[in-house]
Every structure is written in structure tokens, then in C-alpha cells.
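run.cif, holding mmCIF, C-alpha atoms:
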```cif
data_final
#
loop_
_atom_site.group_PDB
_atom_site.id
_atom_site.type_symbol
_atom_site.label_atom_id
_atom_site.label_comp_id
_atom_site.auth_asym_id
_atom_site.auth_seq_id
_atom_site.Cartn_x
_atom_site.Cartn_y
_atom_site.Cartn_z
ATOM 1 C CA MET S 1 0.000 0.000 0.000
ATOM 2 C CA ASN S 2 1.266 3.444 -0.898
ATOM 3 C CA ARG S 3 1.467 5.572 2.257
ATOM 4 C CA LEU S 4 2.393 8.794 0.512
ATOM 5 C CA PRO S 5 -1.225 10.066 0.310
ATOM 6 C CA LEU S 6 -1.651 9.473 4.059
ATOM 7 C CA ILE S 7 1.575 11.327 4.869
ATOM 8 C CA LEU S 8 0.574 14.271 2.675
ATOM 9 C CA LEU S 9 -2.891 14.320 4.251
ATOM 10 C CA GLY S 10 -1.258 14.463 7.683
ATOM 11 C CA PHE S 11 0.800 17.525 6.702
ATOM 12 C CA LEU S 12 -2.325 19.201 5.319
ATOM 13 C CA LEU S 13 -4.421 18.491 8.404
ATOM 14 C CA PHE S 14 -1.761 19.387 10.966
ATOM 15 C CA PRO S 15 0.348 22.204 9.496
ATOM 16 C CA VAL S 16 0.476 24.159 12.754
ATOM 17 C CA ALA S 17 2.052 21.259 14.601
ATOM 18 C CA SER S 18 4.900 21.185 12.117
ATOM 19 C CA VAL S 19 5.830 24.883 12.454
ATOM 20 C CA ALA S 20 4.675 25.961 15.924
ATOM 21 C CA HIS S 21 7.135 25.438 18.747
ATOM 22 C CA GLY S 22 8.196 26.980 21.977
ATOM 23 C CA PRO S 23 11.547 28.541 22.761
ATOM 24 C CA THR S 24 14.829 26.771 22.181
ATOM 25 C CA PRO S 25 17.628 26.911 24.725
ATOM 26 C CA GLN S 26 20.218 29.603 24.105
ATOM 27 C CA LYS S 27 23.865 29.577 25.165
ATOM 28 C CA ALA S 28 26.418 32.138 26.265
ATOM 29 C CA LYS S 29 30.081 31.681 27.102
ATOM 30 C CA GLU S 30 32.697 34.283 28.006
ATOM 31 C CA SER S 31 36.227 33.922 29.351
ATOM 32 C CA ILE S 32 38.911 36.319 30.489
ATOM 33 C CA THR S 33 42.564 35.956 31.430
ATOM 34 C CA ILE S 34 43.526 37.655 34.677
ATOM 35 C CA ASN S 35 47.055 38.406 35.863
ATOM 36 C CA ALA S 36 46.622 36.688 39.220
ATOM 37 C CA SER S 37 46.940 33.128 40.510
ATOM 38 C CA VAL S 38 43.984 30.746 40.559
ATOM 39 C CA ASP S 39 43.853 30.926 44.369
ATOM 40 C CA THR S 40 43.870 34.738 44.349
ATOM 41 C CA VAL S 41 41.016 34.898 41.838
ATOM 42 C CA TRP S 42 39.068 32.132 43.558
ATOM 43 C CA ASN S 43 39.315 33.912 46.910
ATOM 44 C CA VAL S 44 37.482 36.884 45.386
ATOM 45 C CA ILE S 45 34.675 34.961 43.667
ATOM 46 C CA LYS S 46 34.208 31.812 45.725
ATOM 47 C CA GLN S 47 31.613 33.273 48.103
ATOM 48 C CA PHE S 48 28.441 32.659 46.074
ATOM 49 C CA ASP S 49 26.387 35.387 47.717
ATOM 50 C CA ALA S 50 29.101 38.078 47.474
ATOM 51 C CA ILE S 51 28.928 38.733 43.722
ATOM 52 C CA ALA S 52 28.345 42.458 44.356
ATOM 53 C CA ASN S 53 31.958 42.675 45.566
ATOM 54 C CA TRP S 54 33.263 42.223 42.017
ATOM 55 C CA HIS S 55 30.419 42.468 39.457
ATOM 56 C CA PRO S 56 29.673 46.069 38.396
ATOM 57 C CA ASP S 57 26.132 45.223 37.184
ATOM 58 C CA VAL S 58 25.177 44.025 40.674
ATOM 59 C CA LYS S 59 24.289 46.796 43.118
ATOM 60 C CA ALA S 60 23.872 44.460 46.101
ATOM 61 C CA SER S 61 23.876 40.761 46.925
ATOM 62 C CA SER S 62 22.884 38.763 49.946
ATOM 63 C CA GLY S 63 22.283 35.143 50.763
ATOM 64 C CA ASP S 64 22.400 32.356 53.276
ATOM 65 C CA GLY S 65 26.221 32.088 53.215
ATOM 66 C CA LYS S 66 26.104 28.469 52.022
ATOM 67 C CA ASN S 67 28.691 27.508 49.423
ATOM 68 C CA ALA S 68 26.951 24.175 48.874
ATOM 69 C CA PRO S 69 24.038 22.827 46.846
ATOM 70 C CA ASP S 70 20.832 24.735 47.598
ATOM 71 C CA GLY S 71 22.774 27.793 48.776
ATOM 72 C CA ILE S 72 20.698 30.870 47.911
ATOM 73 C CA ARG S 73 21.584 34.388 46.854
ATOM 74 C CA THR S 74 19.500 37.395 45.941
ATOM 75 C CA ILE S 75 21.131 39.877 43.635
ATOM 76 C CA THR S 76 19.936 43.421 43.083
ATOM 77 C CA LEU S 77 20.880 44.697 39.668
ATOM 78 C CA GLN S 78 21.720 48.316 38.861
ATOM 79 C CA ASN S 79 18.129 48.719 37.562
ATOM 80 C CA ASP S 80 16.925 47.775 41.100
ATOM 81 C CA GLY S 81 15.447 44.505 39.838
ATOM 82 C CA GLN S 82 16.150 41.409 41.894
ATOM 83 C CA LEU S 83 16.957 37.836 40.911
ATOM 84 C CA VAL S 84 17.103 34.830 43.225
ATOM 85 C CA GLU S 85 19.620 32.131 42.327
ATOM 86 C CA SER S 86 20.427 28.748 43.846
ATOM 87 C CA LEU S 87 23.659 26.734 43.869
ATOM 88 C CA ASP S 88 23.526 23.283 42.279
ATOM 89 C CA PHE S 89 27.207 22.339 42.613
ATOM 90 C CA TYR S 90 30.185 23.805 44.456
ATOM 91 C CA SER S 91 33.808 22.624 44.434
ATOM 92 C CA ASP S 92 36.413 24.603 46.311
ATOM 93 C CA LYS S 93 39.018 22.097 45.100
ATOM 94 C CA ASP S 94 38.126 22.577 41.420
ATOM 95 C CA HIS S 95 37.467 26.338 41.768
ATOM 96 C CA GLU S 96 34.033 25.917 40.240
ATOM 97 C CA TYR S 97 30.332 26.281 40.920
ATOM 98 C CA ASN S 98 27.060 25.865 39.051
ATOM 99 C CA TYR S 99 23.901 27.756 39.818
ATOM 100 C CA ARG S 100 20.434 28.358 38.441
ATOM 101 C CA LEU S 101 17.778 31.014 38.430
ATOM 102 C CA LYS S 102 15.345 30.135 41.209
ATOM 103 C CA VAL S 103 12.956 33.098 40.923
ATOM 104 C CA GLU S 104 12.707 34.840 37.574
ATOM 105 C CA ASN S 105 12.105 38.544 37.095
ATOM 106 C CA VAL S 106 11.916 39.282 33.363
ATOM 107 C CA THR S 107 11.370 42.972 34.084
ATOM 108 C CA ALA S 108 14.864 43.103 35.593
ATOM 109 C CA PHE S 109 16.583 40.601 33.270
ATOM 110 C CA PRO S 110 15.006 39.173 30.068
ATOM 111 C CA VAL S 111 15.732 35.512 30.830
ATOM 112 C CA GLY S 112 13.059 33.069 31.995
ATOM 113 C CA SER S 113 15.451 30.469 33.371
ATOM 114 C CA HIS S 114 19.151 29.725 33.300
ATOM 115 C CA THR S 115 21.809 27.365 34.543
ATOM 116 C CA THR S 116 25.288 28.833 34.760
ATOM 117 C CA ASN S 117 28.775 27.508 35.392
ATOM 118 C CA LEU S 118 31.648 29.604 36.758
ATOM 119 C CA GLN S 119 35.158 28.141 36.792
ATOM 120 C CA VAL S 120 38.696 29.392 37.408
ATOM 121 C CA THR S 121 41.535 27.506 35.730
ATOM 122 C CA ALA S 122 45.281 28.077 35.441
ATOM 123 C CA GLY S 123 46.480 30.305 32.631
ATOM 124 C CA ASP S 124 49.685 29.921 30.667
ATOM 125 C CA ASP S 125 51.783 30.364 33.799
ATOM 126 C CA ALA S 126 51.345 30.252 37.570
ATOM 127 C CA ASN S 127 50.592 33.967 37.721
ATOM 128 C CA THR S 128 47.603 33.966 35.357
ATOM 129 C CA SER S 129 44.118 32.517 35.551
ATOM 130 C CA VAL S 130 41.278 32.043 33.126
ATOM 131 C CA VAL S 131 37.780 32.668 34.432
ATOM 132 C CA THR S 132 34.968 31.219 32.349
ATOM 133 C CA LEU S 133 31.249 31.811 32.658
ATOM 134 C CA LYS S 134 28.908 29.731 30.541
ATOM 135 C CA SER S 135 25.170 29.357 30.601
ATOM 136 C CA ARG S 136 22.214 27.627 29.018
ATOM 137 C CA PHE S 137 19.050 29.692 29.237
ATOM 138 C CA TYR S 138 15.629 30.518 27.830
ATOM 139 C CA ARG S 139 14.216 33.844 26.768
ATOM 140 C CA GLY S 140 11.983 35.837 29.077
ATOM 141 C CA ASP S 141 8.740 35.056 27.189
ATOM 142 C CA SER S 142 8.228 31.408 26.301
ATOM 143 C CA GLY S 143 5.330 32.088 23.923
ATOM 144 C CA ASN S 144 5.596 31.596 20.173
ATOM 145 C CA THR S 145 5.673 35.347 19.439
ATOM 146 C CA PRO S 146 7.495 37.062 22.304
ATOM 147 C CA PRO S 147 7.832 40.840 22.410
ATOM 148 C CA GLU S 148 11.189 42.159 21.219
ATOM 149 C CA ASN S 149 12.438 42.882 24.747
ATOM 150 C CA LEU S 150 11.849 39.251 25.832
ATOM 151 C CA ASN S 151 12.856 37.306 22.692
ATOM 152 C CA ASP S 152 15.915 35.109 22.097
ATOM 153 C CA ALA S 153 18.052 37.991 20.847
ATOM 154 C CA ALA S 154 17.296 40.087 23.946
ATOM 155 C CA ALA S 155 18.115 37.170 26.250
ATOM 156 C CA VAL S 156 21.407 36.390 24.473
ATOM 157 C CA LYS S 157 22.417 40.056 24.468
ATOM 158 C CA ALA S 158 21.624 40.456 28.181
ATOM 159 C CA MET S 159 23.413 37.280 29.261
ATOM 160 C CA ASN S 160 26.530 38.026 27.196
ATOM 161 C CA ALA S 161 26.661 41.597 28.518
ATOM 162 C CA PHE S 162 26.225 40.396 32.110
ATOM 163 C CA PHE S 163 29.075 37.898 31.695
ATOM 164 C CA LYS S 164 31.409 40.345 29.919
ATOM 165 C CA ASN S 165 30.793 43.142 32.410
ATOM 166 C CA GLY S 166 31.325 40.807 35.347
ATOM 167 C CA LEU S 167 34.564 39.404 33.992
ATOM 168 C CA ILE S 168 35.920 42.872 33.163
ATOM 169 C CA GLY S 169 34.949 44.061 36.662
ATOM 170 C CA LEU S 170 36.714 41.075 38.230
ATOM 171 C CA LYS S 171 39.847 41.684 36.151
ATOM 172 C CA GLN S 172 39.897 45.378 37.084
ATOM 173 C CA LYS S 173 39.488 44.560 40.779
ATOM 174 C CA LEU S 174 42.339 42.055 40.762
ATOM 175 C CA GLU S 175 44.783 43.889 38.515
ATOM 176 C CA LYS S 176 44.673 47.365 40.057
#
```
As C-alpha cells, how would this structure be written, given the file I've shared?
Amino acid sequence: MNRLPLILLGFLLFPVASVAHGPTPQKAKESITINASVDTVWNVIKQFDAIANWHPDVKASSGDGKNAPDGIRTITLQNDGQLVESLDFYSDKDHEYNYRLKVENVTAFPVGSHTTNLQVTAGDDANTSVVTLKSRFYRGDSGNTPPENLNDAAAVKAMNAFFKNGLIGLKQKLEK
């Protein structure tokens, strides 16, 4: 039996299903080399809830002080919007932690959810370090036709800017 007519009929009856979809995950990754040892850099960024000490886009940060899974921080951005994030993984030994957005606020930051990894590794010599931030995230509006300020492009732009600004701020703090 020839199934081609049935397949074509399916495409005709269900065209929306073949083109309509929700958001796809986006990615951002930024790295910077800092003229300081891994331990020196890690000592500045290892306290999860103290991001305001080095990130210029963060006006204030507070948290429960836990550098362990389920540790919580609330960050207040320069626009006075707040985000709540939670630690998933923390390794003092590996100079690394992973965290996720726990409470979204798309008015403050156009991302609906994210998981982010921060890691410090050795640079080309003992006196340099490479700090890498990478994230997988979704736009602020998960509908099929999001407004421009909450679409994929807005989310990618915001996340990349947040990473770049943070890494530049960290470098400036450590290399002054």
C-alpha cells in the first residue's frame, strides 16, 4: 500500500504542529585571562552570595552564606530589579560552581530560566588565571511570538553583557 497520500494528508491536516514550537535553549560563554593566581582569583569569587563585591552590574547581593548545593543568593541589579539564584554544585578544590535562576524577574533581566557555570583555571603560567562563565538559558517570554524585549536575541544580548561586564569588573578589581 502506498502511504504517501496518508503522509501528505497528515501535513495538510496538521500544518500548525509542524511549524509551531516553543523557545529553544540559548547559550552564552565568556572567558577572560587575569594576571593573578587561581587561588587569588578564587578567593574573590568563591563566596556565592558576594557577587556584588566584584560584578559592576550588581548593586547588592545577599544570601544564606552556604557555598553548597541549595545555597541561595539574591542579587539586586543596577536597575533595582532582583533575581534569586540557587547553587547546584560547588567545588572549592576545582574552583568551580554551578547555579540556576530560582525566581525569575523578566522585568529586571530578560531571561526566563538559566543554569550557569563559573570556573577558574590556570592560565599559561602560575601567575595567570582564566575565568569562564557559561550558561544555558531561555528567553523571558516562552510564547511563540514574544515581544522584542523578551525574545531570544534580547536574552542572548543580556546574558553576554552580564558575563562580559562581570569578567571585566573582576579583572579590574584584581589587577589594580
message: I'd like the neighbourhood of stretch 79-93 of chain S as a PyMOL selection string, where a residue qualifies if any of its atoms comes within 12 Å (using all atoms listed in the file), though same-chain residues fewer than 4 positions away should be ignored.
response: chain S and resi 38-39+42-43+45-49+51+56-75+97-121
message: I need the output of the PyMOL selection byres ((chain S and resi 156-161) around 9) for this file as a list in words; which residues are they?
response: Gln26, Lys27, Ala28, Lys29, Glu30, Phe109, Pro110, Val111, Ser135, Phe137, Tyr138, Arg139, Asn151, Asp152, Ala153, Ala154, Ala155, Phe162, Phe163, Lys164, Asn165 and Gly166 of chain S
So for stretch 152-159 of chain S, what box centre and size do we get, axis-aligned, 4 Å extra on each of the six sides, every listed atom, Å to one decimal, as lines of an AutoDock Vina configuration file?
```
center_x = 19.7
center_y = 37.8
center_z = 25.1
size_x = 15.5
size_y = 13.3
size_z = 16.4
```
task: Would you write out, as a list of chain:residue names, every residue that the PyMOL selection byres ((chain S and resi 143) around 9) captures in this file?
output: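 With the PyMOL selection byres ((chain S and resi 143) around 9) on this model, the match is S:His21, S:Gly22, S:Pro23, S:Asp141, S:Ser142, S:Asn144, S:Thr145, S:Pro146.
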Starting from the PyMOL selection byres ((chain S and resi 170) around 12), expand the selection into actual residues of this file and give them as a PDB file with C-alpha atoms, in the coordinates of the input.
```pdb
ATOM      1  CA  SER S  31      36.227  33.922  29.351  1.00  0.00           C
ATOM      2  CA  ILE S  32      38.911  36.319  30.489  1.00  0.00           C
ATOM      3  CA  THR S  33      42.564  35.956  31.430  1.00  0.00           C
ATOM      4  CA  ILE S  34      43.526  37.655  34.677  1.00  0.00           C
ATOM      5  CA  ASN S  35      47.055  38.406  35.863  1.00  0.00           C
ATOM      6  CA  ALA S  36      46.622  36.688  39.220  1.00  0.00           C
ATOM      7  CA  THR S  40      43.870  34.738  44.349  1.00  0.00           C
ATOM      8  CA  VAL S  41      41.016  34.898  41.838  1.00  0.00           C
ATOM      9  CA  TRP S  42      39.068  32.132  43.558  1.00  0.00           C
ATOM     10  CA  ASN S  43      39.315  33.912  46.910  1.00  0.00           C
ATOM     11  CA  VAL S  44      37.482  36.884  45.386  1.00  0.00           C
ATOM     12  CA  ILE S  45      34.675  34.961  43.667  1.00  0.00           C
ATOM     13  CA  ILE S  51      28.928  38.733  43.722  1.00  0.00           C
ATOM     14  CA  ALA S  52      28.345  42.458  44.356  1.00  0.00           C
ATOM     15  CA  ASN S  53      31.958  42.675  45.566  1.00  0.00           C
ATOM     16  CA  TRP S  54      33.263  42.223  42.017  1.00  0.00           C
ATOM     17  CA  HIS S  55      30.419  42.468  39.457  1.00  0.00           C
ATOM     18  CA  PRO S  56      29.673  46.069  38.396  1.00  0.00           C
ATOM     19  CA  ASP S  57      26.132  45.223  37.184  1.00  0.00           C
ATOM     20  CA  VAL S 120      38.696  29.392  37.408  1.00  0.00           C
ATOM     21  CA  SER S 129      44.118  32.517  35.551  1.00  0.00           C
ATOM     22  CA  VAL S 130      41.278  32.043  33.126  1.00  0.00           C
ATOM     23  CA  VAL S 131      37.780  32.668  34.432  1.00  0.00           C
ATOM     24  CA  THR S 132      34.968  31.219  32.349  1.00  0.00           C
ATOM     25  CA  PHE S 163      29.075  37.898  31.695  1.00  0.00           C
ATOM     26  CA  LYS S 164      31.409  40.345  29.919  1.00  0.00           C
ATOM     27  CA  ASN S 165      30.793  43.142  32.410  1.00  0.00           C
ATOM     28  CA  GLY S 166      31.325  40.807  35.347  1.00  0.00           C
ATOM     29  CA  LEU S 167      34.564  39.404  33.992  1.00  0.00           C
ATOM     30  CA  ILE S 168      35.920  42.872  33.163  1.00  0.00           C
ATOM     31  CA  GLY S 169      34.949  44.061  36.662  1.00  0.00           C
ATOM     32  CA  LYS S 171      39.847  41.684  36.151  1.00  0.00           C
ATOM     33  CA  GLN S 172      39.897  45.378  37.084  1.00  0.00           C
ATOM     34  CA  LYS S 173      39.488  44.560  40.779  1.00  0.00           C
ATOM     35  CA  LEU S 174      42.339  42.055  40.762  1.00  0.00           C
ATOM     36  CA  GLU S 175      44.783  43.889  38.515  1.00  0.00           C
ATOM     37  CA  LYS S 176      44.673  47.365  40.057  1.00  0.00           C
TER      38      LYS S 176
END
```
task: Kindly give the distance, in Å, that separates atom CA of S:Gly123 and atom CA of S:Ser37, rounded to a single decimal.
output: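 Atom CA of S:Ser37 lies at a distance of 8.4 Å from atom CA of S:Gly123.
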- request: Rounded to one decimal place, report the atom CA of S:Ala50-atom CA of S:Thr76 distance in Å.
  value: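 A separation of 11.5 Å between them.
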task: Tell me, in Å to one decimal, how far atom CA of S:Arg136 is from atom CA of S:Pro25.
output: 6.3 Å
